[in-house]
file work24.pdb (PDB, C-alpha atoms)
ATOM      1  CA  MET A 152     -24.728 -25.554  -8.935
ATOM      2  CA  PRO A 153     -23.155 -22.088  -8.780
ATOM      3  CA  THR A 154     -23.272 -20.245  -5.509
ATOM      4  CA  ALA A 155     -25.628 -17.303  -5.128
ATOM      5  CA  PHE A 156     -22.564 -15.067  -5.256
ATOM      6  CA  ALA A 157     -21.374 -16.331  -8.641
ATOM      7  CA  SER A 158     -24.975 -16.119  -9.843
ATOM      8  CA  VAL A 159     -25.128 -12.416  -8.992
ATOM      9  CA  VAL A 160     -21.960 -11.783 -10.998
ATOM     10  CA  SER A 161     -23.391 -13.759 -13.936
ATOM     11  CA  ALA A 162     -26.626 -11.777 -13.775
ATOM     12  CA  ILE A 163     -24.759  -8.459 -13.747
ATOM     13  CA  VAL A 164     -22.538  -9.453 -16.677
ATOM     14  CA  SER A 165     -25.582 -10.639 -18.602
ATOM     15  CA  THR A 166     -27.477  -7.415 -17.868
ATOM     16  CA  LEU A 167     -24.583  -5.211 -18.944
ATOM     17  CA  ALA A 168     -24.045  -7.268 -22.111
ATOM     18  CA  THR A 169     -27.697  -7.145 -23.198
ATOM     19  CA  GLU A 170     -28.056  -5.316 -26.514
ATOM     20  CA  PRO A 171     -26.943  -2.651 -26.772
ATOM     21  CA  PRO A 172     -24.072  -3.583 -24.442
ATOM     22  CA  VAL A 173     -22.735  -0.842 -22.168
ATOM     23  CA  CYS A 174     -19.231  -1.599 -23.453
ATOM     24  CA  ALA A 175     -17.582  -3.701 -26.162
ATOM     25  CA  ASN A 176     -15.428  -5.487 -23.572
ATOM     26  CA  ILE A 177     -17.130  -6.947 -20.510
ATOM     27  CA  ASP A 178     -15.099  -9.354 -18.347
ATOM     28  CA  ARG A 179     -15.596 -11.086 -15.037
ATOM     29  CA  ALA A 180     -12.884 -11.616 -12.430
ATOM     30  CA  ARG A 181     -10.249 -10.268 -14.795
ATOM     31  CA  THR A 182      -6.702 -10.490 -13.462
ATOM     32  CA  ARG A 183      -4.642  -9.294 -16.426
ATOM     33  CA  ALA A 184      -3.892  -5.680 -17.325
ATOM     34  CA  VAL A 185      -6.173  -3.991 -19.825
ATOM     35  CA  SER A 186      -4.394  -3.945 -23.182
ATOM     36  CA  GLU A 187      -3.382  -0.830 -25.051
ATOM     37  CA  GLU A 188      -5.706  -1.705 -27.943
ATOM     38  CA  ARG A 189      -8.856  -1.447 -25.793
ATOM     39  CA  ASP A 190     -10.317   1.998 -25.215
ATOM     40  CA  GLN A 191     -12.974   0.755 -22.803
ATOM     41  CA  LEU A 192     -13.470  -2.251 -20.552
ATOM     42  CA  VAL A 193     -15.798  -3.257 -17.734
ATOM     43  CA  ASN A 194     -14.837  -5.958 -15.229
ATOM     44  CA  VAL A 195     -17.292  -7.482 -12.740
ATOM     45  CA  GLN A 196     -16.268  -9.554  -9.702
ATOM     46  CA  TRP A 197     -17.446 -10.385  -6.239
ATOM     47  CA  GLU A 198     -15.042  -9.592  -3.459
ATOM     48  CA  GLY A 199     -16.626 -10.998  -0.352
ATOM     49  CA  ALA A 200     -19.887 -11.808   1.415
ATOM     50  CA  VAL A 201     -20.902 -11.176   5.001
ATOM     51  CA  PRO A 202     -23.698 -13.297   6.505
ATOM     52  CA  GLU A 203     -26.352 -12.196   8.944
ATOM     53  CA  GLN A 204     -27.174 -15.396  10.667
ATOM     54  CA  GLY A 205     -30.554 -16.091  12.240
ATOM     55  CA  ALA A 206     -30.906 -17.495  15.727
ATOM     56  CA  ILE A 207     -32.477 -20.770  14.530
ATOM     57  CA  LEU A 208     -30.256 -23.399  12.930
ATOM     58  CA  GLY A 209     -31.342 -23.936   9.359
ATOM     59  CA  ALA A 210     -33.060 -20.567   9.069
ATOM     60  CA  PRO A 211     -32.439 -18.562   5.884
ATOM     61  CA  ILE A 212     -29.271 -16.538   5.886
ATOM     62  CA  ASP A 213     -29.220 -12.990   4.611
ATOM     63  CA  TRP A 214     -25.999 -11.973   2.928
ATOM     64  CA  THR A 215     -24.382  -8.688   2.016
ATOM     65  CA  VAL A 216     -22.271  -9.420  -1.039
ATOM     66  CA  ARG A 217     -19.640  -6.949  -2.123
ATOM     67  CA  ILE A 218     -19.643  -6.661  -5.928
ATOM     68  CA  ALA A 219     -16.992  -4.535  -7.621
ATOM     69  CA  ILE A 220     -17.534  -3.230 -11.145
ATOM     70  CA  ASP A 221     -14.391  -1.659 -12.624
ATOM     71  CA  CYS A 222     -14.831   0.746 -15.528
ATOM     72  CA  TYR A 223     -11.777   1.578 -17.641
ATOM     73  CA  ALA A 224     -11.694   4.207 -20.410
ATOM     74  CA  SER A 225      -8.790   5.798 -22.291
ATOM     75  CA  SER A 226      -8.745   8.813 -24.587
ATOM     76  CA  THR A 227      -6.267  10.973 -26.434
ATOM     77  CA  GLN A 228      -8.676  13.924 -26.388
ATOM     78  CA  ASP A 229     -10.342  13.874 -22.973
ATOM     79  CA  THR A 230      -8.990  13.715 -19.462
ATOM     80  CA  GLY A 231      -9.490  10.383 -17.693
ATOM     81  CA  ASP A 232     -12.503  11.518 -15.684
ATOM     82  CA  ILE A 233     -14.317  12.710 -18.807
ATOM     83  CA  ALA A 234     -13.357   9.552 -20.710
ATOM     84  CA  VAL A 235     -14.784   7.162 -18.110
ATOM     85  CA  ASP A 236     -17.814   9.275 -17.171
ATOM     86  CA  PRO A 237     -20.259   7.949 -19.794
ATOM     87  CA  LEU A 238     -19.275   4.376 -18.962
ATOM     88  CA  ILE A 239     -20.028   4.905 -15.255
ATOM     89  CA  GLU A 240     -23.390   6.369 -16.176
ATOM     90  CA  ALA A 241     -24.211   3.559 -18.607
ATOM     91  CA  VAL A 242     -23.431   0.850 -16.034
ATOM     92  CA  TYR A 243     -25.361   2.635 -13.300
ATOM     93  CA  ASP A 244     -28.443   3.231 -15.443
ATOM     94  CA  ARG A 245     -28.488  -0.322 -16.808
ATOM     95  CA  LEU A 246     -28.343  -1.904 -13.340
ATOM     96  CA  ALA A 247     -30.723   0.599 -11.742
ATOM     97  CA  ALA A 248     -33.419  -0.509 -14.193
ATOM     98  CA  ASP A 249     -33.844  -3.768 -12.213
ATOM     99  CA  VAL A 250     -32.338  -3.799  -8.741
ATOM    100  CA  THR A 251     -33.255  -7.483  -8.207
ATOM    101  CA  LEU A 252     -31.380  -8.583 -11.317
ATOM    102  CA  GLY A 253     -34.358 -10.586 -12.477
ATOM    103  CA  GLY A 254     -34.965 -12.089  -9.041
ATOM    104  CA  VAL A 255     -31.388 -13.149  -8.308
ATOM    105  CA  ALA A 256     -31.000 -10.674  -5.447
ATOM    106  CA  HIS A 257     -33.196  -8.759  -3.001
ATOM    107  CA  ASP A 258     -31.618  -5.411  -3.696
ATOM    108  CA  LEU A 259     -28.619  -4.205  -5.638
ATOM    109  CA  GLY A 260     -28.480  -0.918  -3.719
ATOM    110  CA  VAL A 261     -26.607   2.188  -4.798
ATOM    111  CA  PRO A 262     -22.867   1.870  -5.398
ATOM    112  CA  ALA A 263     -20.001   3.598  -3.691
ATOM    113  CA  ILE A 264     -17.724   4.960  -6.407
ATOM    114  CA  GLU A 265     -14.003   5.624  -6.294
ATOM    115  CA  ILE A 266     -11.897   6.840  -9.180
ATOM    116  CA  ASP A 267      -8.264   7.173 -10.189
ATOM    117  CA  TYR A 268      -6.308   8.224 -13.261
ATOM    118  CA  THR A 269      -3.101   7.688 -15.185
ATOM    119  CA  SER A 270      -1.436   9.184 -18.241
ATOM    120  CA  GLY A 271       0.846   7.586 -20.763
ATOM    121  CA  GLY A 272       0.353   7.912 -24.485
ATOM    122  CA  ARG A 273      -3.332   8.310 -23.597
ATOM    123  CA  LYS A 274      -5.220   9.571 -20.607
ATOM    124  CA  THR A 275      -7.020   6.821 -18.690
ATOM    125  CA  GLY A 276      -9.722   6.909 -16.066
ATOM    126  CA  TRP A 277     -10.553   3.924 -13.829
ATOM    127  CA  ALA A 278     -13.685   3.940 -11.687
ATOM    128  CA  ARG A 279     -14.657   1.238  -9.218
ATOM    129  CA  MET A 280     -18.368   0.960  -8.447
ATOM    130  CA  THR A 281     -18.887  -1.141  -5.321
ATOM    131  CA  TYR A 282     -22.366  -2.529  -4.769
ATOM    132  CA  LEU A 283     -23.435  -4.098  -1.459
ATOM    133  CA  VAL A 284     -25.950  -6.590  -2.776
ATOM    134  CA  GLN A 285     -28.523  -8.085  -0.430
ATOM    135  CA  LEU A 286     -29.576 -11.680  -1.049
ATOM    136  CA  ARG A 287     -30.773 -14.716   0.856
ATOM    137  CA  THR A 288     -29.764 -18.346   0.843
ATOM    138  CA  ASN A 289     -31.734 -21.221   2.342
ATOM    139  CA  ASP A 290     -31.353 -24.724   3.691
ATOM    140  CA  LEU A 291     -27.781 -24.147   4.793
ATOM    141  CA  LYS A 292     -26.633 -24.042   1.163
ATOM    142  CA  LEU A 293     -24.924 -21.309  -0.825
ATOM    143  CA  GLU A 294     -26.881 -21.946  -3.992
ATOM    144  CA  ARG A 295     -29.310 -19.421  -5.279
ATOM    145  CA  THR A 296     -32.858 -20.479  -4.372
TER
ATOM    146  CA  MET B 257      39.302  20.494 -22.060
ATOM    147  CA  SER B 258      36.765  21.667 -19.487
ATOM    148  CA  PHE B 259      34.123  19.260 -18.231
ATOM    149  CA  LEU B 260      31.416  21.330 -19.926
ATOM    150  CA  ALA B 261      33.240  21.157 -23.237
ATOM    151  CA  ALA B 262      33.712  17.421 -22.856
ATOM    152  CA  GLN B 263      30.023  17.048 -21.963
ATOM    153  CA  ASN B 264      28.889  18.998 -24.993
ATOM    154  CA  ARG B 265      31.148  17.002 -27.255
ATOM    155  CA  LEU B 266      29.851  13.718 -25.860
ATOM    156  CA  ASN B 267      26.195  14.825 -26.101
ATOM    157  CA  ALA B 268      26.678  15.875 -29.726
ATOM    158  CA  SER B 269      28.165  12.460 -30.472
ATOM    159  CA  VAL B 270      25.305  10.659 -28.705
ATOM    160  CA  MET B 271      22.697  12.632 -30.617
ATOM    161  CA  ASN B 272      24.531  12.064 -33.855
ATOM    162  CA  LYS B 273      24.470   8.311 -33.297
ATOM    163  CA  LEU B 274      21.064   7.882 -31.706
ATOM    164  CA  LYS B 275      18.923  10.589 -33.271
ATOM    165  CA  ASN B 276      15.793   8.993 -34.777
ATOM    166  CA  CYS B 277      13.358  11.885 -35.218
ATOM    167  CA  GLU B 278      12.813  15.556 -35.862
ATOM    168  CA  VAL B 279      10.949  17.482 -33.187
ATOM    169  CA  ARG B 280       9.048  20.610 -34.114
ATOM    170  CA  ILE B 281       8.690  22.979 -31.149
ATOM    171  CA  GLY B 282       7.008  26.208 -32.148
ATOM    172  CA  ALA B 283       8.919  27.621 -35.085
ATOM    173  CA  PHE B 284      11.974  25.433 -34.528
ATOM    174  CA  THR B 285      12.823  21.909 -35.641
ATOM    175  CA  VAL B 286      15.389  20.134 -33.485
ATOM    176  CA  PRO B 287      16.882  16.628 -33.411
ATOM    177  CA  GLY B 288      15.497  14.120 -30.938
ATOM    178  CA  ILE B 289      15.716  10.562 -29.637
ATOM    179  CA  PHE B 290      12.200   9.094 -29.485
ATOM    180  CA  MET B 291      11.179   6.100 -27.408
ATOM    181  CA  SER B 292       7.799   4.589 -26.560
ATOM    182  CA  ALA B 293       7.978   1.536 -24.344
ATOM    183  CA  THR B 294       4.781  -0.124 -23.132
ATOM    184  CA  GLU B 295       4.260  -0.073 -19.390
ATOM    185  CA  VAL B 296       1.499  -1.291 -17.106
ATOM    186  CA  ALA B 297       0.006   1.396 -14.902
ATOM    187  CA  ARG B 298      -1.223   0.407 -11.439
ATOM    188  CA  LEU B 299      -4.853   1.125 -11.956
ATOM    189  CA  GLY B 300      -7.318  -1.600 -11.001
ATOM    190  CA  VAL B 301      -5.904  -4.826 -12.486
ATOM    191  CA  GLY B 302      -3.481  -2.696 -14.477
ATOM    192  CA  VAL B 303      -3.662  -0.713 -17.684
ATOM    193  CA  SER B 304      -1.120  -1.190 -20.525
ATOM    194  CA  ASP B 305      -0.178   1.931 -22.380
ATOM    195  CA  SER B 306       2.740   3.307 -24.343
ATOM    196  CA  GLN B 307       4.891   5.841 -22.541
ATOM    197  CA  PRO B 308       6.139   8.016 -25.409
ATOM    198  CA  ALA B 309       9.034  10.346 -24.645
ATOM    199  CA  VAL B 310      11.618  12.262 -26.653
ATOM    200  CA  GLN B 311      15.075  13.399 -25.592
ATOM    201  CA  ILE B 312      16.365  16.696 -26.933
ATOM    202  CA  PHE B 313      19.280  18.945 -26.070
ATOM    203  CA  SER B 314      18.409  20.996 -22.981
ATOM    204  CA  SER B 315      19.456  24.050 -24.964
ATOM    205  CA  ASP B 316      16.642  23.264 -27.436
ATOM    206  CA  ALA B 317      13.996  22.815 -24.735
ATOM    207  CA  PRO B 318      11.602  25.689 -23.959
ATOM    208  CA  ALA B 319      11.692  27.069 -20.431
ATOM    209  CA  ASP B 320       8.232  25.712 -19.586
ATOM    210  CA  PRO B 321       7.272  23.035 -22.108
ATOM    211  CA  ASP B 322       4.400  21.392 -20.162
ATOM    212  CA  ASP B 323       1.059  21.390 -22.042
ATOM    213  CA  MET B 324       2.828  22.589 -25.191
ATOM    214  CA  SER B 325       1.806  21.143 -28.574
ATOM    215  CA  ILE B 326       4.730  19.722 -30.522
ATOM    216  CA  GLU B 327       5.246  17.433 -33.505
ATOM    217  CA  ILE B 328       7.513  14.420 -33.632
ATOM    218  CA  ASP B 329       8.179  13.474 -37.258
ATOM    219  CA  GLY B 330       4.976  15.264 -38.178
ATOM    220  CA  LYS B 331       2.815  13.487 -35.588
ATOM    221  CA  PRO B 332       1.162  15.796 -33.039
ATOM    222  CA  TYR B 333       1.776  15.310 -29.322
ATOM    223  CA  ILE B 334       1.184  17.285 -26.144
ATOM    224  CA  VAL B 335       4.016  17.621 -23.625
ATOM    225  CA  GLY B 336       2.814  16.106 -20.352
ATOM    226  CA  GLY B 337       5.985  16.576 -18.343
ATOM    227  CA  HIS B 338       9.676  17.161 -18.623
ATOM    228  CA  ALA B 339      12.846  16.219 -16.790
ATOM    229  CA  SER B 340      16.388  17.394 -17.238
ATOM    230  CA  GLY B 341      19.234  14.996 -16.586
ATOM    231  CA  GLY B 342      21.443  17.925 -15.616
ATOM    232  CA  THR B 343      24.037  16.928 -18.224
ATOM    233  CA  GLY B 344      22.678  18.575 -21.339
ATOM    234  CA  PHE B 345      19.683  16.394 -22.269
ATOM    235  CA  THR B 346      16.016  17.018 -21.456
ATOM    236  CA  THR B 347      13.374  14.301 -21.700
ATOM    237  CA  LEU B 348       9.898  15.405 -22.726
ATOM    238  CA  SER B 349       7.152  12.949 -21.712
ATOM    239  CA  VAL B 350       4.452  13.306 -24.315
ATOM    240  CA  GLU B 351       0.853  12.261 -24.865
ATOM    241  CA  LEU B 352      -0.894  11.531 -28.142
ATOM    242  CA  ALA B 353      -2.841  14.566 -29.314
TER
END

call {"tool": "encode", "arguments": {"input": "work24.pdb", "output": "structure tokens"}}
result
Amino acid sequence: MPTAFASVVSAIVSTLATEPPVCANIDRARTRAVSEERDQLVNVQWEGAVPEQGAILGAPIDWTVRIAIDCYASSTQDTGDIAVDPLIEAVYDRLAADVTLGGVAHDLGVPAIEIDYTSGGRKTGWARMTYLVQLRTNDLKLERT
Amino acid sequence: MSFLAAQNRLNASVMNKLKNCEVRIGAFTVPGIFMSATEVARLGVGVSDSQPAVQIFSSDAPADPDDMSIEIDGKPYIVGGHASGGTGFTTLSVELA
């Protein structure tokens, strides 16, 4: 059974890919560079989870799971910040529509956003949206319950 | 022969051998050496992109070419940056327009 953490990533990917998808290229835990042929890409991955343990052994454990959603967009016309802007908005709006991700989490929260740019043949913007997702696991297991 | 004369002679020979494009800067068309290697930028997991650049004689380069629109073999580009080697060649880093 997947852990609750992997389940959150799956739920986010599924939500973003629901028609119409926010982007033509949606990956999870991508480790390779985004190719020149792709003008847009979204990558979703979890980067850690911090437990808040109860005082009673066996009690449910509340977790804060750090989920990073990277948005990449390149353009020959627009600067990187303009190129990636609609993608940031599309991801935010799609996830804000259901902050429990269909019951997978307690609360998605509001993301912290950082952004950076590069220029080569095209101008590229990269934005990282970091969500601190609240969820609970039970029975001393990491599965989603 | 002075060093400058030798440098100019060598640069002319290099351009003669390696020239692979015509660069239109304003009203002038000058010879150039165009290259466009793919590099991976350190952005997130990395972003692959071409890094187009063209080398021209420094004497053909405008004083402040940044943000200038040019054409390389008829294809439009914008000059993103420039660097002079100090020995008679200037490299214009360009972006697709």

call {"tool": "interface_residues", "arguments": {"input": "work24.pdb", "of": "chain B", "to": "chain A", "cutoff": "8 Å", "atoms": "all atoms listed in the file", "output": "tab-separated table (two decimals) with C-alpha atoms, keeping the file's coordinate frame"}}
result
chain	number	residue	atom	x	y	z
B	296	VAL	CA	1.50	-1.29	-17.11
B	297	ALA	CA	0.01	1.40	-14.90
B	299	LEU	CA	-4.85	1.12	-11.96
B	300	GLY	CA	-7.32	-1.60	-11.00
B	301	VAL	CA	-5.90	-4.83	-12.49
B	302	GLY	CA	-3.48	-2.70	-14.48
B	303	VAL	CA	-3.66	-0.71	-17.68
B	304	SER	CA	-1.12	-1.19	-20.52
B	305	ASP	CA	-0.18	1.93	-22.38
B	306	SER	CA	2.74	3.31	-24.34
B	307	GLN	CA	4.89	5.84	-22.54
B	308	PRO	CA	6.14	8.02	-25.41
B	350	VAL	CA	4.45	13.31	-24.32
B	351	GLU	CA	0.85	12.26	-24.86
B	352	LEU	CA	-0.89	11.53	-28.14
B	353	ALA	CA	-2.84	14.57	-29.31

call {"tool": "atom_distance", "arguments": {"input": "work24.pdb", "atom1": "CA of Gly253 in chain A", "atom2": "CA of Asn176 in chain A"}}
result
22.5 Å

call {"tool": "atom_distance", "arguments": {"input": "work24.pdb", "atom1": "CA of Glu278 in chain B", "atom2": "CA of Thr230 in chain A"}}
result
27.3 Å

call {"tool": "resolve_selection", "arguments": {"input": "work24.pdb", "expression": "the PyMOL selection byres ((chain A and resi 195-197) around 10)", "output": "VMD selection string"}}
result
chain A and resid 156 to 157 159 to 161 163 to 164 167 177 to 181 193 to 194 198 to 200 216 to 222 279 to 284

call {"tool": "write_last_selection", "arguments": {"input": "work24.pdb", "atoms": "C-alpha atoms", "output": "JSON list (two decimals), in the frame of the given file"}}
result
[["chain", "number", "residue", "atom", "x", "y", "z"],
["A", 156, "PHE", "CA", -22.56, -15.07, -5.26],
["A", 157, "ALA", "CA", -21.37, -16.33, -8.64],
["A", 159, "VAL", "CA", -25.13, -12.42, -8.99],
["A", 160, "VAL", "CA", -21.96, -11.78, -11.00],
["A", 161, "SER", "CA", -23.39, -13.76, -13.94],
["A", 163, "ILE", "CA", -24.76, -8.46, -13.75],
["A", 164, "VAL", "CA", -22.54, -9.45, -16.68],
["A", 167, "LEU", "CA", -24.58, -5.21, -18.94],
["A", 177, "ILE", "CA", -17.13, -6.95, -20.51],
["A", 178, "ASP", "CA", -15.10, -9.35, -18.35],
["A", 179, "ARG", "CA", -15.60, -11.09, -15.04],
["A", 180, "ALA", "CA", -12.88, -11.62, -12.43],
["A", 181, "ARG", "CA", -10.25, -10.27, -14.80],
["A", 193, "VAL", "CA", -15.80, -3.26, -17.73],
["A", 194, "ASN", "CA", -14.84, -5.96, -15.23],
["A", 198, "GLU", "CA", -15.04, -9.59, -3.46],
["A", 199, "GLY", "CA", -16.63, -11.00, -0.35],
["A", 200, "ALA", "CA", -19.89, -11.81, 1.42],
["A", 216, "VAL", "CA", -22.27, -9.42, -1.04],
["A", 217, "ARG", "CA", -19.64, -6.95, -2.12],
["A", 218, "ILE", "CA", -19.64, -6.66, -5.93],
["A", 219, "ALA", "CA", -16.99, -4.54, -7.62],
["A", 220, "ILE", "CA", -17.53, -3.23, -11.14],
["A", 221, "ASP", "CA", -14.39, -1.66, -12.62],
["A", 222, "CYS", "CA", -14.83, 0.75, -15.53],
["A", 279, "ARG", "CA", -14.66, 1.24, -9.22],
["A", 280, "MET", "CA", -18.37, 0.96, -8.45],
["A", 281, "THR", "CA", -18.89, -1.14, -5.32],
["A", 282, "TYR", "CA", -22.37, -2.53, -4.77],
["A", 283, "LEU", "CA", -23.44, -4.10, -1.46],
["A", 284, "VAL", "CA", -25.95, -6.59, -2.78]]

call {"tool": "residues_around", "arguments": {"input": "work24.pdb", "residues": "Ser349 in chain B", "least_positions_apart": "3", "cutoff": "6 Å", "atoms": "only C-alpha atoms", "output": "number ranges by chain"}}
result
B: 309, 335-338

call {"tool": "residues_around", "arguments": {"input": "work24.pdb", "residues": "Asn267 in chain B", "least_positions_apart": "3", "cutoff": "10 Å", "atoms": "all atoms listed in the file", "output": "list in words"}}
result
Ala261, Ala262, Gln263, Asn264, Val270, Met271, Asn272, Lys273, Phe313, Thr343, Gly344 and Phe345 of chain B

call {"tool": "atom_distance", "arguments": {"input": "work24.pdb", "atom1": "CA of Lys292 in chain A", "atom2": "CA of Ala247 in chain A"}}
result
28.1 Å

call {"tool": "resolve_selection", "arguments": {"input": "work24.pdb", "expression": "the PyMOL selection byres ((chain A and resi 287) around 12)", "output": "ChimeraX atom specification"}}
result
/A:154-156,159,200-205,210-216,251,254-258,284-286,288-296

call {"tool": "write_last_selection", "arguments": {"input": "work24.pdb", "atoms": "C-alpha atoms", "output": "PDB file, in the frame of the given file"}}
result
ATOM      1  CA  THR A 154     -23.272 -20.245  -5.509  1.00  0.00           C
ATOM      2  CA  ALA A 155     -25.628 -17.303  -5.128  1.00  0.00           C
ATOM      3  CA  PHE A 156     -22.564 -15.067  -5.256  1.00  0.00           C
ATOM      4  CA  VAL A 159     -25.128 -12.416  -8.992  1.00  0.00           C
ATOM      5  CA  ALA A 200     -19.887 -11.808   1.415  1.00  0.00           C
ATOM      6  CA  VAL A 201     -20.902 -11.176   5.001  1.00  0.00           C
ATOM      7  CA  PRO A 202     -23.698 -13.297   6.505  1.00  0.00           C
ATOM      8  CA  GLU A 203     -26.352 -12.196   8.944  1.00  0.00           C
ATOM      9  CA  GLN A 204     -27.174 -15.396  10.667  1.00  0.00           C
ATOM     10  CA  GLY A 205     -30.554 -16.091  12.240  1.00  0.00           C
ATOM     11  CA  ALA A 210     -33.060 -20.567   9.069  1.00  0.00           C
ATOM     12  CA  PRO A 211     -32.439 -18.562   5.884  1.00  0.00           C
ATOM     13  CA  ILE A 212     -29.271 -16.538   5.886  1.00  0.00           C
ATOM     14  CA  ASP A 213     -29.220 -12.990   4.611  1.00  0.00           C
ATOM     15  CA  TRP A 214     -25.999 -11.973   2.928  1.00  0.00           C
ATOM     16  CA  THR A 215     -24.382  -8.688   2.016  1.00  0.00           C
ATOM     17  CA  VAL A 216     -22.271  -9.420  -1.039  1.00  0.00           C
ATOM     18  CA  THR A 251     -33.255  -7.483  -8.207  1.00  0.00           C
ATOM     19  CA  GLY A 254     -34.965 -12.089  -9.041  1.00  0.00           C
ATOM     20  CA  VAL A 255     -31.388 -13.149  -8.308  1.00  0.00           C
ATOM     21  CA  ALA A 256     -31.000 -10.674  -5.447  1.00  0.00           C
ATOM     22  CA  HIS A 257     -33.196  -8.759  -3.001  1.00  0.00           C
ATOM     23  CA  ASP A 258     -31.618  -5.411  -3.696  1.00  0.00           C
ATOM     24  CA  VAL A 284     -25.950  -6.590  -2.776  1.00  0.00           C
ATOM     25  CA  GLN A 285     -28.523  -8.085  -0.430  1.00  0.00           C
ATOM     26  CA  LEU A 286     -29.576 -11.680  -1.049  1.00  0.00           C
ATOM     27  CA  THR A 288     -29.764 -18.346   0.843  1.00  0.00           C
ATOM     28  CA  ASN A 289     -31.734 -21.221   2.342  1.00  0.00           C
ATOM     29  CA  ASP A 290     -31.353 -24.724   3.691  1.00  0.00           C
ATOM     30  CA  LEU A 291     -27.781 -24.147   4.793  1.00  0.00           C
ATOM     31  CA  LYS A 292     -26.633 -24.042   1.163  1.00  0.00           C
ATOM     32  CA  LEU A 293     -24.924 -21.309  -0.825  1.00  0.00           C
ATOM     33  CA  GLU A 294     -26.881 -21.946  -3.992  1.00  0.00           C
ATOM     34  CA  ARG A 295     -29.310 -19.421  -5.279  1.00  0.00           C
ATOM     35  CA  THR A 296     -32.858 -20.479  -4.372  1.00  0.00           C
TER      36      THR A 296
END

call {"tool": "residues_around", "arguments": {"input": "work24.pdb", "residues": "Thr285 in chain B", "least_positions_apart": "6", "cutoff": "10 Å", "atoms": "only C-alpha atoms", "output": "PDB file with C-alpha atoms, in the frame of the given file"}}
result
ATOM      1  CA  GLU B 278      12.813  15.556 -35.862  1.00  0.00           C
ATOM      2  CA  VAL B 279      10.949  17.482 -33.187  1.00  0.00           C
ATOM      3  CA  ASP B 316      16.642  23.264 -27.436  1.00  0.00           C
ATOM      4  CA  ILE B 326       4.730  19.722 -30.522  1.00  0.00           C
ATOM      5  CA  GLU B 327       5.246  17.433 -33.505  1.00  0.00           C
ATOM      6  CA  ILE B 328       7.513  14.420 -33.632  1.00  0.00           C
ATOM      7  CA  ASP B 329       8.179  13.474 -37.258  1.00  0.00           C
TER       8      ASP B 329
END

call {"tool": "resolve_selection", "arguments": {"input": "work24.pdb", "expression": "the PyMOL selection byres ((chain A and resi 246) around 10)", "output": "JSON, numbers by chain"}}
result
{"A": [163, 166, 167, 241, 242, 243, 244, 245, 247, 248, 249, 250, 251, 252, 259, 260, 261]}

call {"tool": "closest_residue", "arguments": {"input": "work24.pdb", "among": "B:Ala268, B:Ile334, B:Ala293, B:Ala283", "to": "Ser315 in chain B", "atoms": "only C-alpha atoms"}}
result
B:Ala268

call {"tool": "axis_aligned_box", "arguments": {"input": "work24.pdb", "around": "range 261-277 of chain B", "padding_each_side": "5 Å", "output": "AutoDock Vina command-line options"}}
result
--center_x 23.5 --center_y 14.5 --center_z -28.6 --size_x 30.4 --size_y 23.3 --size_z 23.3

call {"tool": "closest_residue", "arguments": {"input": "work24.pdb", "among": "B:Met324, B:Ile312, B:Leu266, B:Leu274", "to": "Val286 in chain B", "atoms": "only C-alpha atoms"}}
result
B:Ile312
